[in-house]
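Notes for the one structure printed next.
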Number of protein chains: 2
Amino acid sequence: MFKRYFPILTWLPHYHKRLLGADVLAGLIVTVMVIPQSLAYALLAGLPAVVGLYASILPQLMYTLLGTSRTLAVGPVAIIALMTGAALSSVAAPGSPDYLQAALVLSLLSGGILVAMGALRMGFFSNFLSHPVISGFLTASGILIAVSQLGSLMGVSSSGFTLVERVMTLLPNLSSFNPYTVVIGAGTLFFLVAMRRYGKKSLRAIGLPTPFADLITKAGPVFAVVVTTLATWHWQLADDGVAVVGTIPSGLPALSFPWVDASLWRALLIPALLISLVGFVESVSMGQMLAAKRRQRISPNQELIGLGTANLAAGFTSGMPVTGGLSRTVINYDAGAQTPAAGAFAALGIALVTMAFTGWLFYLPIATLAATITVSILTLVDIPMLRQTWHYSRSDFAAMAVTILLTLVEGIEAGIIGGVVLSIALFLYRTSRPHSALVGRVPDTEHFRNIERHDVETVSHAALLRIDESLYFANARYLEDTVYNLVASRPELEHVVLICSAVNLIDASALESLDAINARLKDSDVKLHLAEVKGPVMDQLKKSDFLDALTGRVFLSTYAAWREFSKAG
Amino acid sequence: MFKRYFPILTWLPHYHKRLLGADVLAGLIVTVMVIPQSLAYALLAGLPAVVGLYASILPQLMYTLLGTSRTLAVGPVAIIALMTGAALSSVAAPGSPDYLQAALVLSLLSGGILVAMGALRMGFFSNFLSHPVISGFLTASGILIAVSQLGSLMGVSSSGFTLVERVMTLLPNLSSFNPYTVVIGAGTLFFLVAMRRYGKKSLRAIGLPTPFADLITKAGPVFAVVVTTLATWHWQLADDGVAVVGTIPSGLPALSFPWVDASLWRALLIPALLISLVGFVESVSMGQMLAAKRRQRISPNQELIGLGTANLAAGFTSGMPVTGGLSRTVINYDAGAQTPAAGAFAALGIALVTMAFTGWLFYLPIATLAATITVSILTLVDIPMLRQTWHYSRSDFAAMAVTILLTLVEGIEAGIIGGVVLSIALFLYRTSRPHSALVGRVPDTEHFRNIERHDVETVSHAALLRIDESLYFANARYLEDTVYNLVASRPELEHVVLICSAVNLIDASALESLDAINARLKDSDVKLHLAEVKGPVMDQLKKSDFLDALTGRVFLSTYAAWREFSKAG
């Protein structure tokens, strides 16, 4: 019981020296690897670079304490940073103290929402972000982020959080690009892409053992950071207009209490809700995938608590909204992390850097960070998925396409909300016009199939109508029409059997319609029967007067109904 | 084809003298009967009484031309009048010229919406007003209207469109009630209730033939109008503070073109949408009921056109939003109307009254009209339905209760929207946690039932899992959990068969989950099979790679799967 709320108790008591070695090494590797991306994502959100470091310390420690995944690494991630930037710039000017305050409010809100959802066991809520909506959103965000980095890669400014804003603010400045910045940006980009594509293969070809080749390939960004920083320092390129990270205050973050006005909290509520949901979905699906590989389990509701407290911690320590990040988690996993302690060691590592070594980051060019973001974000863009979804289902494709378009044109919030609303509307529309089929008996079996698709036996005075949907308000009237049309088109009918094998629910509106159908068929001397009514549905029907008024019978199976009417016919 | 869009062509060519006699008589009766209620509903909407007459002329003629019901009578109705008043008072002060203009804009908007929905064949849209929501809304509106008439019945003023507003504005004035008004109001109320309850029985008891007794009973309101008008005139009660209808401008309405500012149109868009939907649902369900009695049919999409043009007509002739009204339609039907021509004759009758006889209405007391409204509206309040719905389904009851509470406390729009949103949310929540059952074979049959409810045969190395819901984004992850838990709890399992007899849809998110289940079971050496996949679902699965990757088979029937595994076991 206690262990359920403090998953740390499941592994800490059994901790021993061999695990310690593995975890310390993984922690060290993660520290080095995630510093550039933490800085980059803070800049992406329009925040000072150091905020990315702050958000990688206490939040990760809280997750270690309360999260259920053994390998998830928590900190700023690209999508959440993009959403954070969009939300903040709607309430404050980037670079202003208000903007920083708003980031803390956003973290606290999203932490509060996640913890509340966890406490209320509302993890299922995230299920309404359907696969096509998430996939479409990631693709669109990837494009947005890539475009947003174009300016930094060329040393010109651009702003905005829709594609049009970005492009329109970028274009007029393009001609004033900075050649040194372009060399650093394009060079890093080229190097990183080449590393990703050929790194592992080439290193193995020259005789390195696979795990080592793997590690070096993953360390590509660190190598780029070191080289470009040294180059910028050596040739003093900052004097030639190359934007660098500059002075980062050293020391741990001060505790922050952003008790600002209530209107700001209200304005950030919806963005915080979306950030929470998207972050949770991203983090949990990754956590589940990795847990499955090691036959471990994660608990979605406890994950909400873990991620929620991580965000609360970010809000109190000058951070920004965080979640489980794909690249930092994969690095942690591949570096051999055995328990969540690895995450704690990484957090301590980053804390150490923040205290003593921020000076080393002064000459790190922004363009290098932009290239790092661009390369890692482009993996989100999944164009084949578009084709695949189009092929499988037009309505899933519609939800995906609307999400992408709205995200690019109207912004992130509009994209997600539009996608979710459309998914739900399409589902409701589909269930409001249910498929139904007249069925007949597959000869010599007790099995019944659609008379239009299969060669089956039928009787003329009884219609076996299989209803392929739960009966509820949206399709109740449709059912009436279907039955009335059936009866009108076959005057010889004496019995209509509704086969309810696919009916999982009959709500009050549908009950009203069944009553109406029963009464109207009675007027035409046609009896209404039911077959294969499921247990829970039957239990509910028994609570109404319908079964007393029913002119016909309730058959356990379609075959029982068939026997009755085929012998009579 | 042409007949489909001009239903008048289906009956006018066959019109003959016998029908003419019946229709003229019905038209005459309707004229006399509906004048008091038309005046009353205009007052209920905060409009001059004459607007109710205007809205009963051209709109009814347009419906005669384009509507499909043979007996529906169109004009102002109580619910729509209440909604109209609520909408208008949010944009203009009652009694001001702007208020009148806004009524026209509202009519045009709601006419336009209805015609557009008809042209786009979107009649299904109204299905989302579930039975509990409509029933709850009618009950709450009935209460609201009854309370709103209390002031008029006692000769004191009250205002507002929520229960609290009404009661709070009424209470301080109560002590200044007008005794003559109270006598007229309470007397009429008492008379009308007595007529409804005992009229027909008593008149038959004194020897009148049934149809005649029926007609006299229905004419109760007309009798009350005549008597109280004469009394008010004779004793000149208006001088003693009895509110009367007063001067009604005579003559037909002038053509109106409310081309006012765009912001007004925008502000009235949502109310117009709700008025359209509620009016359509009320009208169509009544039309269907009456058509069924005479074995006629009405076409919902053509009804949208008919009601839409009626509202456009109201907007161009100084009217107010209209729809098919329960009481006027029942009067028309009972008076023996044979064709829509009866409605046309009633429209002409009202036009005649408007042109020449409005002076006769000068001394008609407002309290008489208030009593008429109160009595007819109280039939909407359906308290037994509350108990019945509670008994049948808690979630339907929740939707109904929320609709009633929100309508009373927050107003009409909040009530309907809240009810619809909650209905949809509850439906989605239910489908997001689908019922599933392990099934076994009913001995000596090909029929399979829940192992927990029935005494059935099973085999230990194969699980037959029946999924009782369509698989879509909201429940895809739930399915994964169900299967993983099943496999984890039964290590001896070698086969899992998903019985898809109740699966009517597998969307892209669910396909992703099935892929994941298939891959994960493969890792544990468990084969995944499907059974009873429906035609349309199978067609769709064939468009993906899933069936190629599936480790097991697709069985036509559960019995086929059973034979396979029971012989192997």
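Identifiers for the structure tokens are assigned positionally: chains receive A, B, ... in sequence, residues are indexed from 1 per chain, and ligands are indexed from 1 in the order shown.
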What are the residues of chain B that have an atom within 8 Å of an atom of chain A, counting only C-alpha atoms, as a PyMOL selection string?
-> chain B and resi 124+127-132+388-389+391-393+396+435+446-447+453+468-470+473-477+501-504+507-509+512+535+540-541+543-544+557
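Around Val322 in chain B, within 9 Å and counting only C-alpha atoms, the residues found are Ala55, Ser56, Pro59, Val74, Gly75, Pro76, Val77, Ile80, Ala81, Ser107, Gly279, Leu307, Ala310, Asn311 and Ala314 of chain B, once anything fewer than 6 positions away on its own chain is removed.
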The selected residues should be written to file as an mmCIF file, in the first residue's frame (atoms: N, CA, C and O atoms).
```cif
data_model
loop_
_atom_site.group_PDB
_atom_site.id
_atom_site.type_symbol
_atom_site.label_atom_id
_atom_site.label_comp_id
_atom_site.auth_asym_id
_atom_site.auth_seq_id
_atom_site.Cartn_x
_atom_site.Cartn_y
_atom_site.Cartn_z
ATOM 1 N N ALA B 55 -46.935 36.337 -36.689
ATOM 2 C CA ALA B 55 -46.127 35.117 -36.850
ATOM 3 C C ALA B 55 -46.989 33.892 -37.144
ATOM 4 O O ALA B 55 -46.471 32.796 -37.335
ATOM 5 N N SER B 56 -48.319 34.069 -37.147
ATOM 6 C CA SER B 56 -49.189 32.926 -37.434
ATOM 7 C C SER B 56 -49.748 32.964 -38.845
ATOM 8 O O SER B 56 -50.537 32.107 -39.224
ATOM 9 N N PRO B 59 -45.855 32.539 -42.017
ATOM 10 C CA PRO B 59 -45.114 31.312 -41.695
ATOM 11 C C PRO B 59 -45.960 30.050 -41.921
ATOM 12 O O PRO B 59 -45.493 29.084 -42.501
ATOM 13 N N VAL B 74 -48.244 25.644 -37.626
ATOM 14 C CA VAL B 74 -47.010 26.357 -37.294
ATOM 15 C C VAL B 74 -47.318 27.748 -36.767
ATOM 16 O O VAL B 74 -48.211 28.420 -37.281
ATOM 17 N N GLY B 75 -46.598 28.160 -35.758
ATOM 18 C CA GLY B 75 -46.781 29.494 -35.192
ATOM 19 C C GLY B 75 -45.920 29.624 -33.947
ATOM 20 O O GLY B 75 -45.075 28.773 -33.676
ATOM 21 N N PRO B 76 -46.121 30.702 -33.169
ATOM 22 C CA PRO B 76 -45.359 30.856 -31.924
ATOM 23 C C PRO B 76 -45.736 29.732 -30.958
ATOM 24 O O PRO B 76 -46.903 29.362 -30.883
ATOM 25 N N VAL B 77 -44.751 29.155 -30.249
ATOM 26 C CA VAL B 77 -45.048 28.159 -29.216
ATOM 27 C C VAL B 77 -44.336 28.576 -27.929
ATOM 28 O O VAL B 77 -43.405 29.383 -27.956
ATOM 29 N N ILE B 80 -40.335 28.053 -27.444
ATOM 30 C CA ILE B 80 -39.569 28.907 -28.352
ATOM 31 C C ILE B 80 -39.729 30.369 -27.948
ATOM 32 O O ILE B 80 -38.785 31.161 -28.032
ATOM 33 N N ALA B 81 -40.926 30.736 -27.485
ATOM 34 C CA ALA B 81 -41.143 32.111 -27.027
ATOM 35 C C ALA B 81 -40.262 32.413 -25.816
ATOM 36 O O ALA B 81 -39.637 33.471 -25.729
ATOM 37 N N SER B 107 -35.334 35.402 -35.998
ATOM 38 C CA SER B 107 -36.169 34.584 -36.877
ATOM 39 C C SER B 107 -35.427 34.240 -38.160
ATOM 40 O O SER B 107 -35.429 33.088 -38.604
ATOM 41 N N GLY B 279 -36.820 23.691 -31.618
ATOM 42 C CA GLY B 279 -38.055 23.795 -32.375
ATOM 43 C C GLY B 279 -38.218 22.627 -33.329
ATOM 44 O O GLY B 279 -39.295 22.031 -33.445
ATOM 45 N N LEU B 307 -39.917 24.267 -42.015
ATOM 46 C CA LEU B 307 -39.854 25.106 -40.810
ATOM 47 C C LEU B 307 -38.904 26.282 -41.021
ATOM 48 O O LEU B 307 -39.124 27.377 -40.510
ATOM 49 N N ALA B 310 -40.610 28.930 -42.975
ATOM 50 C CA ALA B 310 -41.606 29.553 -42.093
ATOM 51 C C ALA B 310 -40.935 30.610 -41.224
ATOM 52 O O ALA B 310 -41.452 31.717 -41.052
ATOM 53 N N ASN B 311 -39.756 30.310 -40.697
ATOM 54 C CA ASN B 311 -39.054 31.282 -39.872
ATOM 55 C C ASN B 311 -38.530 32.462 -40.683
ATOM 56 O O ASN B 311 -38.541 33.598 -40.206
ATOM 57 N N ALA B 314 -41.371 34.651 -41.083
ATOM 58 C CA ALA B 314 -41.625 35.403 -39.851
ATOM 59 C C ALA B 314 -40.678 36.599 -39.758
ATOM 60 O O ALA B 314 -41.072 37.705 -39.367
#
```
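CA of Asp98 in chain B sits 28.9 Å away from CA of Leu171 in chain B.
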Please report, as a count of residues only, each residue of range 374-508 of chain B to which DSSP assigns strand (DSSP E) when run on this structure's backbone.
-> 20
Spatial neighbours of Leu106 in chain A, 7 Å, only C-alpha atoms, chain gap at least 2 places, as a CSV table (one decimal) with all heavy atoms, in the first residue's frame:
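And here's out-v6.csv as it stands now:
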```
chain,number,residue,atom,x,y,z
A,102,ALA,N,5.4,34.0,-15.3
A,102,ALA,CA,4.4,33.2,-15.9
A,102,ALA,C,4.8,31.7,-16.1
A,102,ALA,O,4.0,30.8,-16.0
A,102,ALA,CB,4.0,33.8,-17.2
A,103,ALA,N,6.1,31.5,-16.4
A,103,ALA,CA,6.6,30.2,-16.6
A,103,ALA,C,6.5,29.4,-15.3
A,103,ALA,O,6.1,28.2,-15.3
A,103,ALA,CB,8.1,30.2,-17.0
A,104,LEU,N,6.7,30.0,-14.2
A,104,LEU,CA,6.6,29.3,-12.9
A,104,LEU,C,5.1,29.0,-12.6
A,104,LEU,O,4.8,27.9,-12.2
A,104,LEU,CB,7.1,30.2,-11.8
A,104,LEU,CG,8.6,30.6,-12.0
A,104,LEU,CD1,9.1,31.4,-10.8
A,104,LEU,CD2,9.5,29.4,-12.2
A,108,LEU,N,3.5,25.3,-12.0
A,108,LEU,CA,2.7,24.9,-10.8
A,108,LEU,C,1.3,24.5,-11.3
A,108,LEU,O,0.8,23.5,-10.8
A,108,LEU,CB,2.6,26.2,-9.9
A,108,LEU,CG,3.9,26.6,-9.2
A,108,LEU,CD1,3.6,27.8,-8.3
A,108,LEU,CD2,4.5,25.4,-8.4
A,109,LEU,N,0.7,25.2,-12.2
A,109,LEU,CA,-0.6,24.8,-12.7
A,109,LEU,C,-0.6,23.4,-13.2
A,109,LEU,O,-1.4,22.6,-12.9
A,109,LEU,CB,-1.1,25.8,-13.7
A,109,LEU,CG,-2.0,27.0,-13.3
A,109,LEU,CD1,-2.2,27.9,-14.4
A,109,LEU,CD2,-3.3,26.5,-12.7
A,110,SER,N,0.4,23.2,-14.1
A,110,SER,CA,0.4,21.9,-14.8
A,110,SER,C,0.7,20.8,-13.8
A,110,SER,O,0.2,19.7,-13.8
A,110,SER,CB,1.3,22.0,-16.0
A,110,SER,OG,2.3,21.1,-16.0
A,268,LEU,N,-3.7,31.1,-17.9
A,268,LEU,CA,-2.8,29.9,-18.2
A,268,LEU,C,-3.4,28.6,-18.0
A,268,LEU,O,-2.8,27.6,-18.2
A,268,LEU,CB,-1.5,30.1,-17.4
A,268,LEU,CG,-0.6,31.3,-17.9
A,268,LEU,CD1,0.6,31.4,-16.9
A,268,LEU,CD2,-0.1,31.1,-19.3
A,272,ALA,N,-2.1,25.1,-19.6
A,272,ALA,CA,-1.5,24.2,-18.6
A,272,ALA,C,-2.2,22.8,-18.7
A,272,ALA,O,-1.5,21.8,-18.6
A,272,ALA,CB,-1.7,24.7,-17.2
A,321,PRO,N,7.9,24.0,-17.3
A,321,PRO,CA,7.2,22.7,-17.3
A,321,PRO,C,8.1,21.6,-17.9
A,321,PRO,O,8.8,21.8,-18.8
A,321,PRO,CB,6.0,23.0,-18.2
A,321,PRO,CG,5.7,24.4,-18.0
A,321,PRO,CD,7.1,25.1,-17.9
```
Polymer residues at most 9 Å from range 337-342 of chain B, only C-alpha atoms, same-chain spacing of 2 or more positions, as a compact mmCIF listing (two decimals) with C-alpha atoms, in the first residue's frame:
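Ended up saving to part-v5.txt:
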```
# COMPACT_ATOMS: atom_id res chain seq x y z
CA ILE B 8 -48.00 20.37 -51.80
CA TRP B 11 -52.18 16.45 -52.43
CA LEU B 12 -53.30 19.62 -54.24
CA TYR B 15 -58.16 18.13 -53.88
CA LEU B 19 -61.95 17.80 -48.31
CA LEU B 20 -62.58 21.54 -48.76
CA ALA B 22 -63.55 19.67 -43.64
CA ASP B 23 -60.51 21.88 -44.08
CA VAL B 24 -62.45 25.17 -43.98
CA LEU B 25 -64.20 24.12 -40.77
CA ALA B 26 -60.90 23.07 -39.18
CA GLY B 27 -59.32 26.34 -40.30
CA LEU B 28 -62.12 28.34 -38.71
CA VAL B 30 -58.07 26.88 -35.34
CA LEU B 61 -48.66 29.54 -45.42
CA TYR B 63 -45.19 25.58 -44.19
CA THR B 64 -48.35 24.58 -46.08
CA LEU B 65 -46.36 24.93 -49.29
CA GLY B 67 -43.80 21.04 -45.14
CA THR B 68 -44.49 17.31 -45.24
CA SER B 69 -46.83 16.87 -42.28
CA ARG B 70 -50.49 16.99 -43.25
CA THR B 71 -51.72 18.32 -39.94
CA LEU B 72 -48.90 20.28 -38.33
CA ALA B 73 -49.86 23.85 -37.44
CA ASN B 332 -56.20 21.24 -36.04
CA TYR B 333 -56.03 17.44 -36.03
CA ASP B 334 -59.05 17.01 -33.79
CA ALA B 335 -61.05 19.58 -35.74
CA ALA B 344 -53.77 27.86 -44.96
CA PHE B 345 -57.40 28.62 -44.11
CA ALA B 346 -56.45 29.25 -40.48
CA ALA B 347 -53.69 31.62 -41.65
```
What is the CA of Ser524 in chain B-CA of Arg121 in chain A distance in Å, reported with one decimal?
-> 29.5 Å
All helix (DSSP H, G or I) positions in range 59-171 of chain B, as an MDAnalysis selection string = chainID B and resid 59:66 78:89 97:119 123:128 131:154 163:171
Give me, as a PDB file with N, CA and C atoms, in the first residue's frame, all polymer residues having an atom no more than 10 Å from Ser566 in chain B, counting only C-alpha atoms and skipping those fewer than 6 positions away in the same chain.
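The result, stored in out22.pdb:
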```
ATOM      1  N   GLU B 457     -18.611 -24.710 -20.673  1.00  0.00           N
ATOM      2  CA  GLU B 457     -17.356 -25.463 -20.799  1.00  0.00           C
ATOM      3  C   GLU B 457     -16.209 -24.534 -21.216  1.00  0.00           C
ATOM      4  N   THR B 458     -15.024 -24.782 -20.666  1.00  0.00           N
ATOM      5  CA  THR B 458     -13.853 -23.987 -21.064  1.00  0.00           C
ATOM      6  C   THR B 458     -12.667 -24.911 -21.314  1.00  0.00           C
ATOM      7  N   VAL B 459     -11.634 -24.393 -21.958  1.00  0.00           N
ATOM      8  CA  VAL B 459     -10.360 -25.129 -22.046  1.00  0.00           C
ATOM      9  C   VAL B 459      -9.288 -24.252 -21.408  1.00  0.00           C
ATOM     10  N   SER B 460      -8.280 -24.904 -20.786  1.00  0.00           N
ATOM     11  CA  SER B 460      -7.355 -24.114 -19.957  1.00  0.00           C
ATOM     12  C   SER B 460      -6.300 -23.371 -20.774  1.00  0.00           C
ATOM     13  N   HIS B 461      -5.933 -23.873 -21.960  1.00  0.00           N
ATOM     14  CA  HIS B 461      -4.819 -23.227 -22.654  1.00  0.00           C
ATOM     15  C   HIS B 461      -5.280 -22.182 -23.680  1.00  0.00           C
ATOM     16  N   ALA B 462      -6.607 -21.967 -23.769  1.00  0.00           N
ATOM     17  CA  ALA B 462      -7.107 -20.949 -24.699  1.00  0.00           C
ATOM     18  C   ALA B 462      -8.163 -20.106 -24.000  1.00  0.00           C
TER      19      ALA B 462
END
```
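With only C-alpha atoms as the atoms that count, the minimum distance from Met154 in chain B to the choices B:Gly241, B:Ile113, B:Pro209, B:Gly306 is reached by B:Gly241.
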